[in-house]
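Here is the file model_36.cif (mmCIF, C-alpha atoms (C1' of nucleotides)).
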```
data_model
#
loop_
_atom_site.label_atom_id
_atom_site.label_comp_id
_atom_site.auth_asym_id
_atom_site.auth_seq_id
_atom_site.Cartn_x
_atom_site.Cartn_y
_atom_site.Cartn_z
CA MET A 1 -101.12 79.56 -36.48
CA ARG A 2 -103.97 81.45 -38.03
CA ARG A 3 -101.92 84.57 -38.33
CA THR A 4 -102.51 86.60 -41.46
CA THR A 5 -100.21 89.20 -42.93
CA ASN A 6 -102.95 91.71 -43.61
CA VAL A 7 -103.35 92.26 -39.85
CA PRO A 8 -99.88 93.61 -39.21
CA ARG A 9 -99.96 95.41 -35.86
CA PRO A 10 -103.30 94.96 -34.18
CA GLU A 11 -105.00 94.57 -30.94
CA LEU A 12 -103.11 95.42 -27.77
CA ALA A 13 -103.64 99.17 -27.87
CA ASP A 14 -107.00 98.39 -29.44
CA ALA A 15 -108.08 96.08 -26.69
CA ARG A 16 -106.98 98.54 -24.03
CA GLN A 17 -109.18 101.20 -25.50
CA ARG A 18 -112.08 98.79 -25.22
CA GLY A 19 -111.32 98.43 -21.52
CA TYR A 20 -109.34 95.21 -21.53
CA ARG A 21 -106.31 94.72 -19.33
CA ASN A 22 -103.20 92.69 -19.89
CA ILE A 23 -102.12 90.24 -17.23
CA GLY A 24 -99.85 92.70 -15.41
CA GLU A 25 -102.61 95.22 -14.97
CA ALA A 26 -105.06 92.51 -13.96
CA SER A 27 -102.57 91.40 -11.36
CA ARG A 28 -102.13 94.90 -9.96
CA LEU A 29 -105.87 95.48 -9.87
CA THR A 30 -106.75 92.23 -8.14
CA GLY A 31 -103.74 91.36 -6.02
CA VAL A 32 -103.39 87.99 -7.73
CA THR A 33 -99.92 87.47 -9.18
CA ALA A 34 -99.60 86.97 -12.93
CA LYS A 35 -98.11 83.61 -12.13
CA MET A 36 -101.21 82.55 -10.25
CA ILE A 37 -103.60 83.97 -12.83
CA ARG A 38 -101.98 81.74 -15.45
CA HIS A 39 -102.11 78.83 -13.02
CA TYR A 40 -105.79 79.34 -12.29
CA GLU A 41 -106.45 79.35 -16.01
CA GLU A 42 -104.47 76.17 -16.48
CA ILE A 43 -106.39 74.27 -13.83
CA GLY A 44 -109.70 75.60 -15.09
CA LEU A 45 -110.62 77.81 -12.15
CA ILE A 46 -111.05 80.73 -14.52
CA PRO A 47 -111.97 80.53 -18.19
CA ALA A 48 -109.18 80.80 -20.73
CA ALA A 49 -108.51 84.49 -21.26
CA GLY A 50 -108.96 86.14 -24.61
CA ARG A 51 -105.76 86.90 -26.47
CA THR A 52 -104.33 89.59 -28.66
CA PHE A 53 -102.97 88.47 -31.98
CA ALA A 54 -99.55 88.38 -30.40
CA GLY A 55 -100.80 86.02 -27.74
CA TYR A 56 -101.12 88.40 -24.81
CA ARG A 57 -103.93 87.52 -22.41
CA LEU A 58 -106.78 90.03 -22.06
CA TYR A 59 -109.03 90.57 -19.05
CA GLY A 60 -112.35 92.37 -18.85
CA GLU A 61 -114.20 93.62 -15.78
CA ALA A 62 -115.97 90.31 -15.21
CA ASP A 63 -112.61 88.55 -15.19
CA LEU A 64 -111.23 91.00 -12.66
CA HIS A 65 -114.31 90.49 -10.51
CA ARG A 66 -113.77 86.75 -10.59
CA LEU A 67 -110.12 87.14 -9.67
CA ARG A 68 -110.99 89.38 -6.73
CA PHE A 69 -113.51 86.80 -5.58
CA ILE A 70 -110.82 84.14 -5.68
CA LYS A 71 -108.37 86.38 -3.88
CA ARG A 72 -110.82 87.08 -1.10
CA ALA A 73 -111.79 83.44 -0.79
CA ARG A 74 -108.13 82.40 -0.58
CA SER A 75 -107.58 84.98 2.15
CA LEU A 76 -110.34 83.27 4.12
CA GLY A 77 -108.50 80.00 3.70
CA PHE A 78 -110.77 78.27 1.22
CA SER A 79 -109.09 75.63 -0.92
CA ILE A 80 -109.04 75.96 -4.68
CA GLU A 81 -111.54 73.13 -4.87
CA ASP A 82 -113.94 74.91 -2.52
CA ILE A 83 -113.48 78.12 -4.46
CA ASP A 84 -114.40 76.32 -7.64
CA THR A 85 -117.65 75.29 -5.97
CA LEU A 86 -118.24 78.77 -4.59
CA LEU A 87 -117.70 80.31 -8.01
CA GLY A 88 -120.26 77.90 -9.41
CA LEU A 89 -122.78 78.91 -6.77
CA TRP A 90 -122.00 82.57 -7.25
CA GLY A 91 -122.76 82.25 -10.94
CA ASN A 92 -125.94 80.28 -10.41
CA PRO A 93 -128.99 82.49 -9.79
CA ARG A 94 -131.01 79.45 -8.70
CA ARG A 95 -128.52 78.44 -6.02
CA ALA A 96 -129.70 77.62 -2.52
CA SER A 97 -127.97 79.63 0.20
CA ARG A 98 -128.05 76.36 2.14
CA ASP A 99 -125.29 75.02 -0.07
CA VAL A 100 -123.11 78.04 0.48
CA LYS A 101 -123.71 77.98 4.20
CA ARG A 102 -122.89 74.30 4.44
CA LEU A 103 -119.61 74.80 2.64
CA ALA A 104 -118.72 77.81 4.75
CA GLN A 105 -119.59 76.04 7.98
CA ALA A 106 -117.53 73.01 6.98
CA HIS A 107 -114.59 75.32 6.49
CA VAL A 108 -115.18 77.02 9.82
CA ASP A 109 -115.17 73.59 11.43
CA ALA A 110 -112.00 72.55 9.64
CA LEU A 111 -110.35 75.74 10.84
CA GLU A 112 -111.52 74.99 14.34
CA ARG A 113 -109.95 71.56 14.27
CA LYS A 114 -106.65 72.90 13.00
CA ILE A 115 -106.66 75.69 15.54
CA GLN A 116 -107.32 73.23 18.36
CA GLU A 117 -104.52 71.02 17.12
CA MET A 118 -102.06 73.88 16.92
CA GLN A 119 -103.08 75.20 20.31
CA ALA A 120 -102.44 71.80 21.83
CA MET A 121 -98.95 71.80 20.29
CA GLN A 122 -98.40 75.31 21.45
CA ARG A 123 -99.49 74.68 25.03
CA THR A 124 -97.29 71.61 25.36
CA LEU A 125 -94.29 73.29 23.85
CA GLN A 126 -94.76 76.54 25.71
CA GLU A 127 -94.86 74.67 28.96
CA LEU A 128 -91.73 72.71 28.12
CA ALA A 129 -89.90 75.83 26.97
CA HIS A 130 -90.98 77.60 30.13
CA ARG A 131 -89.38 74.93 32.24
CA CYS A 132 -86.14 75.10 30.26
CA HIS A 133 -83.48 77.20 31.91
CA GLY A 134 -82.23 78.55 28.63
CA ASP A 135 -78.65 78.98 29.75
CA ALA A 136 -75.31 77.35 28.98
CA ARG A 137 -76.16 74.06 30.66
CA PRO A 138 -77.26 71.09 28.57
CA GLU A 139 -80.24 69.94 30.62
CA CYS A 140 -83.49 70.72 28.88
CA PRO A 141 -87.08 69.52 29.39
CA VAL A 142 -87.81 70.04 25.71
CA LEU A 143 -85.24 67.49 24.64
CA ASP A 144 -86.21 65.24 27.53
CA ASP A 145 -89.77 65.22 26.29
CA LEU A 146 -88.81 64.54 22.68
CA ALA A 147 -86.47 61.76 23.76
CA GLY A 148 -89.38 60.15 25.60
CA MET B 1 -72.37 43.59 -6.20
CA ARG B 2 -70.00 42.12 -3.67
CA ARG B 3 -72.15 39.06 -3.29
CA THR B 4 -70.32 35.82 -2.87
CA THR B 5 -71.71 32.34 -3.40
CA ASN B 6 -70.27 30.96 -0.22
CA VAL B 7 -72.68 33.14 1.80
CA PRO B 8 -75.89 31.60 0.47
CA ARG B 9 -78.64 32.46 2.98
CA PRO B 10 -77.35 34.74 5.68
CA GLU B 11 -78.26 37.52 7.92
CA LEU B 12 -81.95 38.37 8.32
CA ALA B 13 -82.76 35.74 10.94
CA ASP B 14 -79.25 36.32 12.22
CA ALA B 15 -79.68 40.03 12.62
CA ARG B 16 -83.03 39.57 14.33
CA GLN B 17 -81.48 37.37 16.92
CA ARG B 18 -79.03 40.16 17.62
CA GLY B 19 -81.96 42.47 18.26
CA TYR B 20 -82.18 44.24 14.93
CA ARG B 21 -85.50 45.06 13.30
CA ASN B 22 -86.44 45.27 9.68
CA ILE B 23 -88.19 48.39 8.44
CA GLY B 24 -91.72 47.08 8.98
CA GLU B 25 -91.08 46.32 12.62
CA ALA B 26 -89.29 49.62 13.08
CA SER B 27 -92.35 51.31 11.63
CA ARG B 28 -94.75 49.50 13.95
CA LEU B 29 -92.59 50.23 16.97
CA THR B 30 -92.15 53.94 16.27
CA GLY B 31 -95.28 54.98 14.42
CA VAL B 32 -93.22 56.27 11.51
CA THR B 33 -94.27 54.71 8.20
CA ALA B 34 -91.71 52.68 6.28
CA LYS B 35 -92.13 55.18 3.50
CA MET B 36 -91.11 58.04 5.74
CA ILE B 37 -88.23 56.13 7.33
CA ARG B 38 -86.73 55.67 3.87
CA HIS B 39 -87.41 59.31 3.11
CA TYR B 40 -85.70 60.49 6.29
CA GLU B 41 -82.71 58.38 5.38
CA GLU B 42 -82.62 59.82 1.90
CA ILE B 43 -82.62 63.41 3.09
CA GLY B 44 -80.04 62.64 5.74
CA LEU B 45 -82.21 63.13 8.81
CA ILE B 46 -81.23 59.66 10.01
CA PRO B 47 -78.03 57.81 9.16
CA ALA B 48 -78.14 55.20 6.41
CA ALA B 49 -79.41 51.99 7.98
CA GLY B 50 -77.35 48.84 8.05
CA ARG B 51 -78.35 46.19 5.55
CA THR B 52 -78.64 42.45 5.35
CA PHE B 53 -76.86 40.80 2.46
CA ALA B 54 -80.14 40.81 0.62
CA GLY B 55 -80.38 44.57 1.05
CA TYR B 56 -83.00 44.75 3.80
CA ARG B 57 -82.55 47.71 6.15
CA LEU B 58 -81.78 46.95 9.80
CA TYR B 59 -82.59 49.08 12.83
CA GLY B 60 -81.19 48.87 16.33
CA GLU B 61 -82.52 50.41 19.54
CA ALA B 62 -80.68 53.70 19.00
CA ASP B 63 -82.29 53.99 15.57
CA LEU B 64 -85.74 53.37 17.01
CA HIS B 65 -85.07 55.98 19.67
CA ARG B 66 -84.13 58.50 17.02
CA LEU B 67 -87.26 57.68 15.02
CA ARG B 68 -89.47 58.14 18.07
CA PHE B 69 -87.79 61.48 18.72
CA ILE B 70 -88.60 62.56 15.19
CA LYS B 71 -92.17 61.31 15.48
CA ARG B 72 -92.74 63.23 18.67
CA ALA B 73 -91.16 66.39 17.28
CA ARG B 74 -93.31 66.18 14.15
CA SER B 75 -96.38 65.81 16.32
CA LEU B 76 -95.43 69.08 17.98
CA GLY B 77 -95.29 70.68 14.56
CA PHE B 78 -91.53 71.09 14.17
CA SER B 79 -90.27 71.22 10.59
CA ILE B 80 -87.80 68.64 9.36
CA GLU B 81 -85.13 71.32 9.35
CA ASP B 82 -85.82 72.18 12.99
CA ILE B 83 -85.80 68.51 13.88
CA ASP B 84 -82.43 68.13 12.25
CA THR B 85 -81.15 70.88 14.53
CA LEU B 86 -82.85 69.37 17.57
CA LEU B 87 -81.32 65.98 16.85
CA GLY B 88 -77.93 67.64 16.66
CA LEU B 89 -78.46 69.28 20.03
CA TRP B 90 -79.80 66.08 21.51
CA GLY B 91 -76.66 64.28 20.50
CA ASN B 92 -74.33 66.98 21.73
CA PRO B 93 -73.52 66.67 25.45
CA ARG B 94 -71.98 70.17 25.43
CA ARG B 95 -75.14 71.80 24.06
CA ALA B 96 -76.54 74.91 25.70
CA SER B 97 -80.19 74.62 26.71
CA ARG B 98 -80.41 78.22 25.53
CA ASP B 99 -80.25 77.01 21.92
CA VAL B 100 -83.01 74.48 22.43
CA LYS B 101 -85.19 77.00 24.20
CA ARG B 102 -84.70 79.59 21.49
CA LEU B 103 -85.73 77.13 18.80
CA ALA B 104 -88.73 75.96 20.79
CA GLN B 105 -89.86 79.50 21.53
CA ALA B 106 -89.53 80.47 17.88
CA HIS B 107 -91.82 77.60 17.02
CA VAL B 108 -94.30 78.59 19.72
CA ASP B 109 -94.33 82.07 18.23
CA ALA B 110 -94.81 80.78 14.70
CA LEU B 111 -97.72 78.68 15.93
CA GLU B 112 -99.18 81.73 17.60
CA ARG B 113 -99.06 83.71 14.38
CA LYS B 114 -100.72 80.94 12.41
CA ILE B 115 -103.37 80.46 15.07
CA GLN B 116 -104.15 84.18 15.08
CA GLU B 117 -104.42 84.16 11.31
CA MET B 118 -106.75 81.19 11.27
CA GLN B 119 -108.87 82.61 14.06
CA ALA B 120 -109.30 85.81 12.09
CA MET B 121 -110.49 83.79 9.10
CA GLN B 122 -112.73 81.75 11.30
CA ARG B 123 -114.35 84.74 13.01
CA THR B 124 -115.07 86.47 9.73
CA LEU B 125 -116.45 83.39 8.10
CA GLN B 126 -118.45 82.29 11.10
CA GLU B 127 -120.11 85.65 11.24
CA LEU B 128 -120.94 85.58 7.56
CA ALA B 129 -122.26 82.03 7.78
CA HIS B 130 -124.32 82.98 10.79
CA ARG B 131 -126.03 85.71 8.83
CA CYS B 132 -126.78 83.34 5.94
CA HIS B 133 -130.31 81.96 5.99
CA GLY B 134 -129.19 78.59 4.76
CA ASP B 135 -132.41 77.79 2.95
CA ALA B 136 -133.51 77.43 -0.67
CA ARG B 137 -133.19 81.12 -1.47
CA PRO B 138 -130.10 82.38 -3.31
CA GLU B 139 -129.28 85.43 -1.17
CA CYS B 140 -126.19 84.86 0.90
CA PRO B 141 -123.89 87.18 2.85
CA VAL B 142 -120.98 84.79 2.31
CA LEU B 143 -121.12 85.18 -1.45
CA ASP B 144 -121.85 88.88 -1.09
CA ASP B 145 -118.68 89.29 0.90
CA LEU B 146 -116.57 87.31 -1.52
CA ALA B 147 -118.00 89.21 -4.45
CA GLY B 148 -116.95 92.44 -2.74
"C1'" DG C 1 -88.67 20.66 -3.39
"C1'" DC C 2 -92.37 24.35 -4.90
"C1'" DT C 3 -95.99 27.63 -4.19
"C1'" DT C 4 -97.96 31.30 -1.74
"C1'" DG C 5 -98.33 35.47 0.67
"C1'" DA C 6 -96.22 38.92 3.20
"C1'" DC C 7 -92.53 41.65 3.12
"C1'" DC C 8 -88.67 44.18 1.20
"C1'" DT C 9 -86.19 46.95 -2.56
"C1'" DT C 10 -85.94 51.05 -5.96
"C1'" DC C 11 -88.16 54.28 -8.92
"C1'" DC C 12 -91.52 57.46 -10.45
"C1'" DC C 13 -95.63 60.26 -9.74
"C1'" DA C 14 -99.04 62.92 -7.07
"C1'" DC C 15 -100.90 66.36 -3.93
"C1'" DG C 16 -101.73 72.21 -2.95
"C1'" DA C 17 -100.45 76.57 -3.73
"C1'" DT C 18 -96.91 79.18 -4.78
"C1'" DG C 19 -92.54 81.01 -6.50
"C1'" DG C 20 -88.04 81.23 -9.33
"C1'" DG C 21 -85.97 81.59 -13.42
"C1'" DA C 22 -84.57 80.78 -18.34
"C1'" DA C 23 -85.27 81.64 -23.23
"C1'" DG C 24 -87.42 84.19 -26.52
"C1'" DG C 25 -91.00 87.39 -28.54
"C1'" DA C 26 -93.86 92.01 -28.27
"C1'" DG C 27 -94.79 96.81 -27.12
"C1'" DC C 28 -93.32 101.24 -26.87
"C1'" DA C 29 -90.45 105.35 -25.98
"C1'" DT C 30 -86.39 107.55 -27.14
"C1'" DA D 1 -82.28 101.03 -34.07
"C1'" DT D 2 -81.74 100.51 -29.20
"C1'" DG D 3 -83.20 99.46 -24.96
"C1'" DC D 4 -86.39 98.61 -21.28
"C1'" DT D 5 -90.43 96.55 -19.68
"C1'" DC D 6 -93.73 93.32 -20.36
"C1'" DC D 7 -95.47 89.12 -22.21
"C1'" DT D 8 -95.19 84.08 -23.56
"C1'" DT D 9 -94.13 78.98 -22.45
"C1'" DC D 10 -91.57 75.53 -20.00
"C1'" DC D 11 -89.30 73.38 -16.30
"C1'" DC D 12 -88.00 73.04 -11.50
"C1'" DA D 13 -88.47 73.72 -6.30
"C1'" DT D 14 -90.81 73.89 -2.08
"C1'" DC D 15 -92.81 70.48 2.24
"C1'" DG D 16 -94.24 66.21 4.02
"C1'" DT D 17 -96.61 62.54 2.72
"C1'" DG D 18 -98.78 58.83 0.12
"C1'" DG D 19 -99.73 55.57 -4.00
"C1'" DG D 20 -98.31 52.21 -6.84
"C1'" DA D 21 -95.49 49.46 -10.16
"C1'" DA D 22 -91.89 46.06 -10.96
"C1'" DG D 23 -89.08 42.89 -9.07
"C1'" DG D 24 -86.37 40.38 -5.31
"C1'" DT D 25 -86.60 37.85 -0.43
"C1'" DC D 26 -88.28 35.35 3.42
"C1'" DA D 27 -90.84 32.01 5.91
"C1'" DA D 28 -94.40 28.74 6.17
"C1'" DG D 29 -97.26 25.07 4.54
"C1'" DC D 30 -97.81 21.21 1.49
#
```
Please, can you express the file's structure as structure tokens?
Amino acid sequence: MRRTTNVPRPELADARQRGYRNIGEASRLTGVTAKMIRHYEEIGLIPAAGRTFAGYRLYGEADLHRLRFIKRARSLGFSIEDIDTLLGLWGNPRRASRDVKRLAQAHVDALERKIQEMQAMQRTLQELAHRCHGDARPECPVLDDLAG
Amino acid sequence: MRRTTNVPRPELADARQRGYRNIGEASRLTGVTAKMIRHYEEIGLIPAAGRTFAGYRLYGEADLHRLRFIKRARSLGFSIEDIDTLLGLWGNPRRASRDVKRLAQAHVDALERKIQEMQAMQRTLQELAHRCHGDARPECPVLDDLAG
DNA sequence: GCTTGACCTTCCCACGATGGGAAGGAGCAT
DNA sequence: ATGCTCCTTCCCATCGTGGGAAGGTCAAGC
């Protein structure tokens, strides 16, 4: 620990004055839980945060921006891996929009496949449920179908 | 180990003749991987299989039927917990079809919610992707949206 | 008989994204 | 000094599935 005694009570209030946020504030401002912020740091999705001398993480505006980007991308269903790629493209001024579009379209297609799959399940099951009397008797097309 | 020397080479061929299957056959016949069959046994979704003296699991027709039921239910998106309930109802001659229908309808509704959610993602993203040139230039509405 | 290859056993680890909670230190207001 | 809120790390759980290692078993061919 490179902790020196001539720096007795530094940094948190200090850092705040310079516009830095601790993890709780960062969480409130971005909608990403503190838990997930730490997790994203651990897996390398965001750079390791600066720290106060006591070890508290500090976040600047750029960090908050990155967290909001991640939050938004998650809400659109992108995987962490895709988001890592998107963050790379975002930070690269020489990126080709082609690469972004390809990734986005691939995700749209994946969503389409999952939606189709779930709709097929839903249709089948809805039809079976519709044919089920839903009373005190045991007969039931749903179970009949599952039982083959 | 209650293994006795006067039972030197028993049971597997024996059991097969009586119509029992080992786990590999059961897997092939039901479409459930051996891995998952063991897992289902471990979590109590299926009863512990009989064993040969050497410890190989044995499956009869009723077991295969149960595994096919599970397979079909999984393919309709039911959770293991729901399937446990469905198996209970299936095996209960005094069940009320009302209970089955309620469970099925709840699942249909859950699917509906997920589908709606994914469609919302898909619409947003498709629209953004559509507006992206997709060429060598960096400008991209997808990234613009994510960046807020 | 002995070897070989396919199969079986248990055990542990991994995914993806998230949350819960414990144990202990730090910040700050009274 | 006390107490409350926040922070830290660490471990565990979810859900359903797969991978793979280490070792035993079975059946067939020589």
- Message: Using only C-alpha atoms, can you tell me which of A:Phe69, A:Asp84, A:Ala106, A:Pro141 comes closest to chain B?
- Response: A:Phe69
- Which residue gives the smallest distance to chain A among D:DC6, D:DC26, D:DA21, D:DA13, with all atoms listed in the file counted? D:DC6
- Message: Using all atoms listed in the file for the distances, tell me which of C:DT30, C:DT18, C:DT4, C:DT9 is nearest to chain B.
- Response: C:DT9
- Query: Using all atoms listed in the file, which of the listed residues (A:Asp63, A:Met36, A:Glu42, A:Arg51) sits closest to chain C?
  - Reply: A:Met36
- Task: Can you give me, as a list in words, the residues this file yields under the PyMOL selection byres ((chain D) within 9 of (chain B))?
- Result: DC15, DG16, DT17, DG18, DG24, DT25 and DC26 of chain D
- For DT9 (chain D), which of C:DC2, C:DA29, C:DA22, C:DC15 is the closest residue, counting only C-alpha atoms (C1' of nucleotides)? C:DA22
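What chain C places within 9 Å of chain A, counting all atoms listed in the file, is DG16, DA17, DT18, DG19, DG25, DA26 and DG27 of chain C.
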Please dump the current selection as a compact mmCIF listing (two decimals), in the coordinates of the input; keep C-alpha atoms (C1' of nucleotides).
```txt
# COMPACT_ATOMS: atom_id res chain seq x y z
C1' DG C 16 -101.73 72.21 -2.95
C1' DA C 17 -100.45 76.57 -3.73
C1' DT C 18 -96.91 79.18 -4.78
C1' DG C 19 -92.54 81.01 -6.50
C1' DG C 25 -91.00 87.39 -28.54
C1' DA C 26 -93.86 92.01 -28.27
C1' DG C 27 -94.79 96.81 -27.12
```
- Message: Which residues are near Ile83 (chain B)? Cut-off 9 Å, only C-alpha atoms (C1' of nucleotides), ignore same chain within fewer than 4 positions. Put them as an NGL selection string.
- Response: :B and (45 or 69-70 or 73-74 or 78-79 or 87-88)
Against chain A, which residues of chain B fall within 6 Å? For each one I want the closest pair of atoms and the distance in Å (one decimal), counting all atoms listed in the file, rows by chain and increasing residue number, as a tab-separated table.
```
residue	atom	partner	partner_atom	distance
B:Phe69	CA	A:Leu146	CA	5.1
B:Arg72	CA	A:Leu146	CA	5.8
B:Leu76	CA	A:Met121	CA	5.0
B:Arg95	CA	A:Pro138	CA	5.0
B:Ala96	CA	A:Ala136	CA	4.3
B:Ser97	CA	A:Gly134	CA	4.8
B:Arg98	CA	A:Gly134	CA	3.6
B:Lys101	CA	A:Gly134	CA	5.5
B:Val108	CA	A:Gln122	CA	5.5
B:Ile115	CA	A:Ile115	CA	5.8
B:Met121	CA	A:Leu76	CA	5.0
B:Gln122	CA	A:Val108	CA	5.5
B:Ala129	CA	A:Lys101	CA	5.6
B:Gly134	CA	A:Arg98	CA	3.6
B:Asp135	CA	A:Arg98	CA	4.7
B:Ala136	CA	A:Ala96	CA	4.2
B:Arg137	CA	A:Ala96	CA	5.1
B:Pro138	CA	A:Ala96	CA	4.8
B:Cys140	CA	A:Ser97	CA	5.6
B:Leu146	CA	A:Phe69	CA	5.1
B:Ala147	CA	A:Phe69	CA	5.2
```
- C1' of DA27 (chain D) to C1' of DT10 (chain C), distance in Å rounded to a single decimal: 23.0 Å
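Of note, CA of Thr85 (chain A) and CA of Glu61 (chain A) are spaced 21.1 Å apart.
As for C1' of DC28 (chain C) and CA of Ile37 (chain A), they are spaced 24.5 Å apart.
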Contacts of DG21 (chain C) within 12 Å, all atoms listed in the file, excl. fewer than 6 positions in-chain, as an mmCIF file with C-alpha atoms (C1' of nucleotides), in the frame of the given file:
```
data_model
loop_
_atom_site.group_PDB
_atom_site.id
_atom_site.type_symbol
_atom_site.label_atom_id
_atom_site.label_comp_id
_atom_site.auth_asym_id
_atom_site.auth_seq_id
_atom_site.Cartn_x
_atom_site.Cartn_y
_atom_site.Cartn_z
ATOM 1 C "C1'" DC D 10 -91.570 75.530 -20.000
ATOM 2 C "C1'" DC D 11 -89.300 73.380 -16.300
ATOM 3 C "C1'" DC D 12 -88.000 73.040 -11.500
ATOM 4 C "C1'" DA D 13 -88.470 73.720 -6.300
#
```
- Message: On this structure, the PyMOL selection byres ((chain B and resi 18-24) around 9) would catch which residues? List them as a list in words, sorted by chain and number.
- Response: Leu12, Ala13, Asp14, Ala15, Arg16, Gln17, Glu25, Ala26, Ser27, Arg28, Leu29, Thr33, Ala34, Ile37, Arg38, Tyr56, Arg57, Leu58, Tyr59, Gly60 and Glu61 of chain B; DC7 and DC8 of chain C
- Query: Could you write out as an NGL selection string the residues that the PyMOL selection byres ((chain D and resi 30) around 10) matches in the shown file?
  - Reply: (:C and (2-3)) or (:D and (28-29))
- Might you pull out every residue within 12 Å of DC12 (chain C), with all atoms listed in the file counted and same-chain residues fewer than 6 positions away left off, and present them as a PyMOL selection string? chain D and resi 19-22
